[in-house]
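Shown here: my_file32.txt, compact mmCIF, C-alpha atoms.
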```
# COMPACT_ATOMS: atom_id res chain seq x y z
CA MET A 1 201.30 -100.56 28.14
CA LEU A 2 202.52 -97.20 26.88
CA TRP A 3 198.92 -96.23 26.13
CA ILE A 4 198.31 -95.76 29.85
CA ILE A 5 200.60 -92.72 29.69
CA LEU A 6 198.15 -91.16 27.22
CA LEU A 7 195.19 -91.71 29.55
CA ILE A 8 197.08 -90.31 32.54
CA TYR A 9 198.08 -87.28 30.50
CA ILE A 10 194.49 -86.58 29.44
CA VAL A 11 193.04 -87.00 32.94
CA VAL A 12 195.73 -85.04 34.80
CA GLY A 13 195.78 -82.36 32.11
CA TRP A 14 192.06 -81.77 32.65
CA PHE A 15 192.76 -80.65 36.23
CA PHE A 16 196.25 -79.24 35.76
CA PRO A 17 196.53 -77.70 32.25
CA ILE A 18 200.21 -76.89 32.65
CA VAL A 19 200.83 -80.63 32.28
CA GLY A 20 199.96 -80.11 28.63
CA TRP A 21 203.54 -79.00 27.99
CA ILE A 22 204.60 -82.65 28.19
CA ALA A 23 203.15 -83.06 24.70
CA LEU A 24 206.26 -81.30 23.40
CA ILE A 25 208.15 -84.55 23.96
CA CYS A 26 205.87 -86.42 21.56
CA MET A 27 206.00 -83.58 19.06
CA ILE A 28 209.76 -83.14 18.93
CA GLY A 29 210.85 -86.71 19.73
CA PRO A 30 209.58 -88.47 16.59
CA VAL A 31 211.00 -85.84 14.24
CA LEU A 32 214.44 -85.90 15.86
CA MET A 33 214.54 -89.70 15.95
CA ALA A 34 213.48 -89.88 12.30
CA ALA A 35 216.91 -88.58 11.32
CA PHE A 36 218.48 -91.75 12.70
CA ARG A 37 215.84 -94.50 12.75
CA GLY A 38 212.99 -93.34 10.53
CA ARG A 39 209.52 -93.52 12.12
CA TYR A 40 210.76 -95.77 14.91
CA TRP A 41 209.23 -93.49 17.55
CA CYS A 42 205.77 -93.84 15.98
CA GLY A 43 205.92 -97.62 16.00
CA ASN A 44 207.60 -98.24 19.34
CA ILE A 45 207.45 -95.24 21.69
CA CYS A 46 204.39 -93.11 20.89
CA PRO A 47 201.75 -93.60 23.66
CA ARG A 48 198.91 -92.64 21.34
CA GLY A 49 200.03 -95.02 18.62
CA ASN A 50 200.26 -97.73 21.26
CA PHE A 51 196.71 -96.87 22.35
CA TYR A 52 195.39 -97.28 18.83
CA SER A 53 197.22 -100.57 18.32
CA ASN A 54 196.25 -102.15 21.63
CA VAL A 55 192.88 -100.64 22.53
CA ILE A 56 191.17 -99.33 19.40
CA ALA A 57 192.27 -102.45 17.52
CA ARG A 58 189.78 -104.42 19.61
CA VAL A 59 186.82 -102.53 18.16
CA SER A 60 188.17 -101.50 14.75
CA ARG A 61 186.39 -102.56 11.57
CA ASN A 62 189.86 -103.17 10.06
CA ARG A 63 188.99 -101.79 6.66
CA ARG A 64 191.34 -100.44 4.01
CA ILE A 65 192.53 -96.92 4.81
CA PRO A 66 191.24 -94.60 2.04
CA ASN A 67 193.96 -93.45 -0.34
CA TRP A 68 192.99 -89.80 0.10
CA LEU A 69 193.83 -89.97 3.80
CA ARG A 70 197.40 -90.96 3.01
CA SER A 71 197.82 -88.72 -0.03
CA ASN A 72 200.58 -86.11 0.09
CA GLY A 73 198.11 -83.32 -0.61
CA PHE A 74 195.88 -84.17 2.33
CA ARG A 75 198.86 -84.74 4.62
CA MET A 76 200.34 -81.34 3.83
CA PHE A 77 196.94 -79.70 4.27
CA MET A 78 196.50 -81.28 7.71
CA LEU A 79 200.04 -80.34 8.72
CA ALA A 80 199.46 -76.71 7.75
CA PHE A 81 195.93 -76.55 9.20
CA ILE A 82 196.78 -78.04 12.59
CA MET A 83 200.00 -76.05 12.97
CA CYS A 84 198.20 -72.79 12.06
CA MET A 85 195.38 -73.48 14.53
CA PHE A 86 197.93 -74.38 17.18
CA ALA A 87 199.98 -71.23 16.55
CA LEU A 88 196.89 -69.01 16.67
CA GLN A 89 195.71 -70.43 19.99
CA PHE A 90 199.23 -70.28 21.38
CA TYR A 91 199.45 -66.61 20.41
CA TYR A 92 196.33 -65.71 22.40
CA ALA A 93 197.53 -67.76 25.38
CA TRP A 94 201.03 -66.29 25.30
CA GLY A 95 202.45 -65.31 28.68
CA ASP A 96 200.23 -67.65 30.70
CA TRP A 97 202.10 -70.94 31.12
CA SER A 98 198.99 -72.80 32.23
CA ALA A 99 196.93 -71.49 29.32
CA MET A 100 199.69 -72.37 26.87
CA GLY A 101 199.86 -75.86 28.36
CA ASN A 102 196.13 -76.12 27.83
CA VAL A 103 196.63 -75.42 24.11
CA PHE A 104 198.87 -78.49 23.90
CA TRP A 105 196.37 -80.54 25.92
CA ARG A 106 193.40 -79.56 23.75
CA LEU A 107 195.37 -80.38 20.61
CA ILE A 108 196.20 -83.86 21.86
CA VAL A 109 192.65 -84.54 23.04
CA ALA A 110 191.02 -83.28 19.83
CA THR A 111 193.33 -85.19 17.50
CA THR A 112 193.08 -88.32 19.64
CA ILE A 113 189.29 -88.23 19.31
CA VAL A 114 189.65 -87.93 15.53
CA GLY A 115 192.10 -90.83 15.59
CA ILE A 116 189.70 -92.97 17.61
CA ALA A 117 186.85 -92.32 15.16
CA LEU A 118 189.03 -93.17 12.16
CA GLY A 119 190.52 -96.16 13.97
CA ILE A 120 187.07 -97.63 14.56
CA ALA A 121 185.73 -96.79 11.10
CA TYR A 122 188.78 -97.95 9.16
CA SER A 123 192.02 -99.27 10.64
CA PRO A 124 193.45 -98.79 14.18
CA ARG A 125 196.28 -96.54 13.05
CA ALA A 126 194.51 -94.67 10.27
CA TRP A 127 195.38 -91.40 12.04
CA CYS A 128 199.08 -92.23 11.76
CA THR A 129 198.90 -92.05 7.96
CA PHE A 130 198.48 -88.26 8.15
CA CYS A 131 199.54 -87.34 11.69
CA PRO A 132 201.41 -84.00 11.39
CA MET A 133 204.39 -85.26 13.37
CA GLY A 134 204.35 -88.46 11.34
CA THR A 135 204.34 -86.44 8.13
CA LEU A 136 207.31 -84.39 9.31
CA SER A 137 209.05 -87.61 10.39
CA LYS A 138 208.45 -89.08 6.95
CA MET A 139 210.01 -86.01 5.34
CA VAL A 140 213.07 -86.24 7.59
CA THR A 141 213.36 -90.00 6.99
CA SER A 142 213.24 -89.52 3.22
CA ASN A 143 216.21 -87.15 3.38
CA SER A 144 218.34 -88.88 6.00
CA GLN A 145 221.22 -91.14 5.05
CA SER A 146 221.35 -92.52 8.59
CA ALA A 147 217.68 -93.49 8.52
CA ALA A 148 218.20 -95.02 5.07
CA LYS A 149 220.54 -97.60 6.56
CA TRP A 150 217.62 -99.18 8.43
CA ARG A 151 215.62 -101.42 6.16
CA ILE A 152 213.13 -104.28 6.18
CA GLU A 153 214.94 -107.05 4.33
CA VAL A 154 212.87 -109.75 2.60
CA ASN A 155 215.00 -112.68 1.45
CA SER A 156 214.34 -114.86 -1.59
CA SER A 157 212.68 -117.60 0.48
CA CYS A 158 209.62 -115.34 0.84
CA ARG A 159 206.48 -117.10 -0.44
CA SER A 160 204.65 -113.85 -1.18
CA CYS A 161 201.80 -114.92 1.10
CA ALA A 162 201.39 -111.25 2.12
CA LEU A 163 200.87 -112.08 5.81
CA CYS A 164 203.42 -109.38 6.57
CA SER A 165 201.38 -106.82 4.66
CA ARG A 166 198.12 -107.87 6.30
CA ASN A 167 199.73 -107.35 9.71
CA CYS A 168 201.31 -103.98 8.89
CA PRO A 169 199.58 -101.26 10.96
CA MET A 170 200.19 -98.76 8.15
CA GLN A 171 198.88 -101.19 5.51
CA LEU A 172 202.17 -101.16 3.61
CA ALA A 173 203.43 -104.03 1.47
CA PRO A 174 206.88 -105.22 2.64
CA HIS A 175 206.54 -108.53 0.79
CA THR A 176 206.93 -106.64 -2.50
CA ALA A 177 210.63 -106.15 -1.65
CA LYS A 178 211.33 -109.88 -1.97
CA GLY A 179 214.95 -110.44 -2.89
CA LYS A 180 215.74 -106.73 -3.33
CA VAL A 181 219.17 -105.74 -2.06
CA ALA A 182 217.89 -102.34 -0.93
CA GLY A 183 215.10 -103.96 1.07
CA TYR A 184 211.77 -102.27 1.77
CA ASP A 185 212.37 -98.55 2.04
CA ASN A 186 208.95 -96.91 2.45
CA PRO A 187 209.55 -93.85 4.71
CA ASP A 188 206.20 -94.47 6.42
CA CYS A 189 207.41 -97.81 7.81
CA LEU A 190 207.05 -97.62 11.61
CA ARG A 191 209.91 -100.05 12.33
CA CYS A 192 207.48 -101.93 14.59
CA ASN A 193 208.75 -105.32 13.32
CA LEU A 194 205.21 -106.75 13.15
CA CYS A 195 205.81 -107.84 9.56
CA ALA A 196 208.79 -109.95 10.64
CA THR A 197 206.81 -111.42 13.53
CA ALA A 198 203.96 -112.36 11.20
CA CYS A 199 206.20 -114.14 8.67
CA PRO A 200 205.73 -117.93 9.08
CA ILE A 201 209.15 -118.76 7.62
CA ASN A 202 211.23 -115.92 9.09
CA ALA A 203 211.97 -114.45 5.67
CA ILE A 204 211.78 -110.88 6.95
CA LYS A 205 214.27 -109.08 9.13
CA SER A 206 214.61 -105.50 10.29
CA LYS A 207 218.28 -104.61 10.36
CA LYS A 208 220.85 -101.93 9.78
CA ARG A 209 222.64 -102.16 6.45
CA GLU A 210 226.19 -101.02 5.94
CA GLN A 211 226.38 -98.17 3.50
CA GLN A 212 227.29 -99.43 0.05
```
Could I get this structure in the form of structure tokens?
Amino acid sequence: MLWIILLIYIVVGWFFPIVGWIALICMIGPVLMAAFRGRYWCGNICPRGNFYSNVIARVSRNRRIPNWLRSNGFRMFMLAFIMCMFALQFYYAWGDWSAMGNVFWRLIVATTIVGIALGIAYSPRAWCTFCPMGTLSKMVTSNSQSAAKWRIEVNSSCRSCALCSRNCPMQLAPHTAKGKVAGYDNPDCLRCNLCATACPINAIKSKKREQQ
């Protein structure tokens, strides 16, 4: 029920803008954790991600997320655009703690609305494919040896039924790593373990590998 935290934040922040500063936790947390566990924060701790998975999923059309939304070019554009807009607003609010908190609050509300629209039109977690913090987390994950130790392992008993892929909130394809020693190593994997839960023969496991 982590998504309730998001609703409380939005409602309380409307009346008390200084509460907006709490958003820093969800901006710094996922990037720091990515150095050790990849995008684990996104799949297990993020209140907004939880909201998309548990609330928006009920009304989503569950369509394929367009490739351009997850392309590196679009992701870098959104990262730069949102950070620049945030920095500009923060500059004008500088010195007023409440006003600066309101910048955080408006950012969360605006991007959440975008995420809801995309979640309904496409897939619940479509926003997560280009979320700025998710993009930064992916970059950290890709360059972290500690994060690389955590893998989705798909043993040779896998039947390639693709149930794991159909249940992946990021629409990844873990079943394609069948029998591979390195496992499934996509840096956008949220470590949510839904692929393992969906497997009818328990051929998938999320575990920490010893460095070879």
Discussion item. Set the distance at 9 Å and use all atoms listed in the file: which residues neighbour segment 36-40 of chain A once local chain neighbours fewer than 3 positions away are removed? I'd like the list as a PyMOL selection string.
Written reply: chain A and resi 30-33+43-45+134+137-138+140-142+144-150+187-192
Discussion item. Would you pick out the contacts of segment 80-95 of chain A at 8 Å or less, using only C-alpha atoms, so that residues sharing its chain but fewer than 3 positions from it are not included, and give the list as JSON, numbers by chain?
Written reply: {"A": [76, 77, 99, 100, 103, 104, 107, 132]}
Discussion item. For a test of reading the model, state the distance in Å between atom CA of Trp97 of chain A and atom CA of Ile22 of chain A, rounded to one decimal.
Written reply: 12.3 Å
Discussion item. Please compute the atom CA of Ile120 of chain A-atom CA of Trp68 of chain A distance, one decimal, in Å.
Written reply: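 Here the two named atoms are 17.5 Å from each other.
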What are the closest atom pairs, with distances in Å to one decimal, for all residues of segment 80-168 of chain A lying within 9 Å of segment 53-66 of chain A? Consider all atoms listed in the file, order rows by chain and residue number, and present the result as JSON lines.
```
{"residue": "A:Ile116", "atom": "CA", "partner": "A:Ile56", "partner_atom": "CA", "distance": 6.8}
{"residue": "A:Leu118", "atom": "CA", "partner": "A:Ser60", "partner_atom": "CA", "distance": 8.8}
{"residue": "A:Gly119", "atom": "CA", "partner": "A:Ser60", "partner_atom": "CA", "distance": 5.9}
{"residue": "A:Ile120", "atom": "CA", "partner": "A:Ser60", "partner_atom": "CA", "distance": 4.0}
{"residue": "A:Ala121", "atom": "CA", "partner": "A:Arg61", "partner_atom": "CA", "distance": 5.8}
{"residue": "A:Tyr122", "atom": "CA", "partner": "A:Arg63", "partner_atom": "CA", "distance": 4.6}
{"residue": "A:Ser123", "atom": "CA", "partner": "A:Asn62", "partner_atom": "CA", "distance": 4.5}
{"residue": "A:Pro124", "atom": "CA", "partner": "A:Ala57", "partner_atom": "CA", "distance": 5.1}
{"residue": "A:Arg125", "atom": "CA", "partner": "A:Ser53", "partner_atom": "CA", "distance": 6.7}
{"residue": "A:Ala126", "atom": "CA", "partner": "A:Ile65", "partner_atom": "CA", "distance": 6.2}
{"residue": "A:Thr129", "atom": "CA", "partner": "A:Ile65", "partner_atom": "CA", "distance": 8.6}
```
Practice prompt. Please indicate the distance in Å from atom CA of Asn193 of chain A to atom CA of Tyr52 of chain A, rounded to one decimal place.
Written response: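 Calculated distance between atom CA of Asn193 of chain A and atom CA of Tyr52 of chain A is 16.5 Å.
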Item to complete: Pick out the closest residue to Arg70 of chain A from this set: A:Phe51, A:Trp21, A:Phe15, A:Trp127. Count all atoms listed in the file.
Response: A:Trp127
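Excluding segment 178-185 of chain A and any residue on its chain fewer than 5 positions from it, the residues at most 8 Å away by all atoms listed in the file are Ala148, Arg151, Ile152, Glu153, Val154, Asn155, Ser156, Cys158 and Ser160 of chain A.
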What lies within 9 Å of Ile108 of chain A using all atoms listed in the file, ignoring chain neighbours under 6 positions off, as a PDB file with C-alpha atoms, in the frame of the given file?
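Written output follows (around_29.pdb):
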```pdb
ATOM      1  CA  ILE A  10     194.490 -86.580  29.440  1.00  0.00           C
ATOM      2  CA  GLY A  20     199.960 -80.110  28.630  1.00  0.00           C
ATOM      3  CA  ALA A  23     203.150 -83.060  24.700  1.00  0.00           C
TER       4      ALA A  23
END
```
Would you compute the box with edges along x, y and z of the file around segment 136-144 of chain A, including every atom the file lists for it and 6 Å extra on each side, and give its centre and edge lengths in Å to one decimal, as lines of an AutoDock Vina configuration file?
```
center_x = 212.8
center_y = -87.2
center_z = 6.8
size_x = 23.0
size_y = 17.6
size_z = 19.2
```
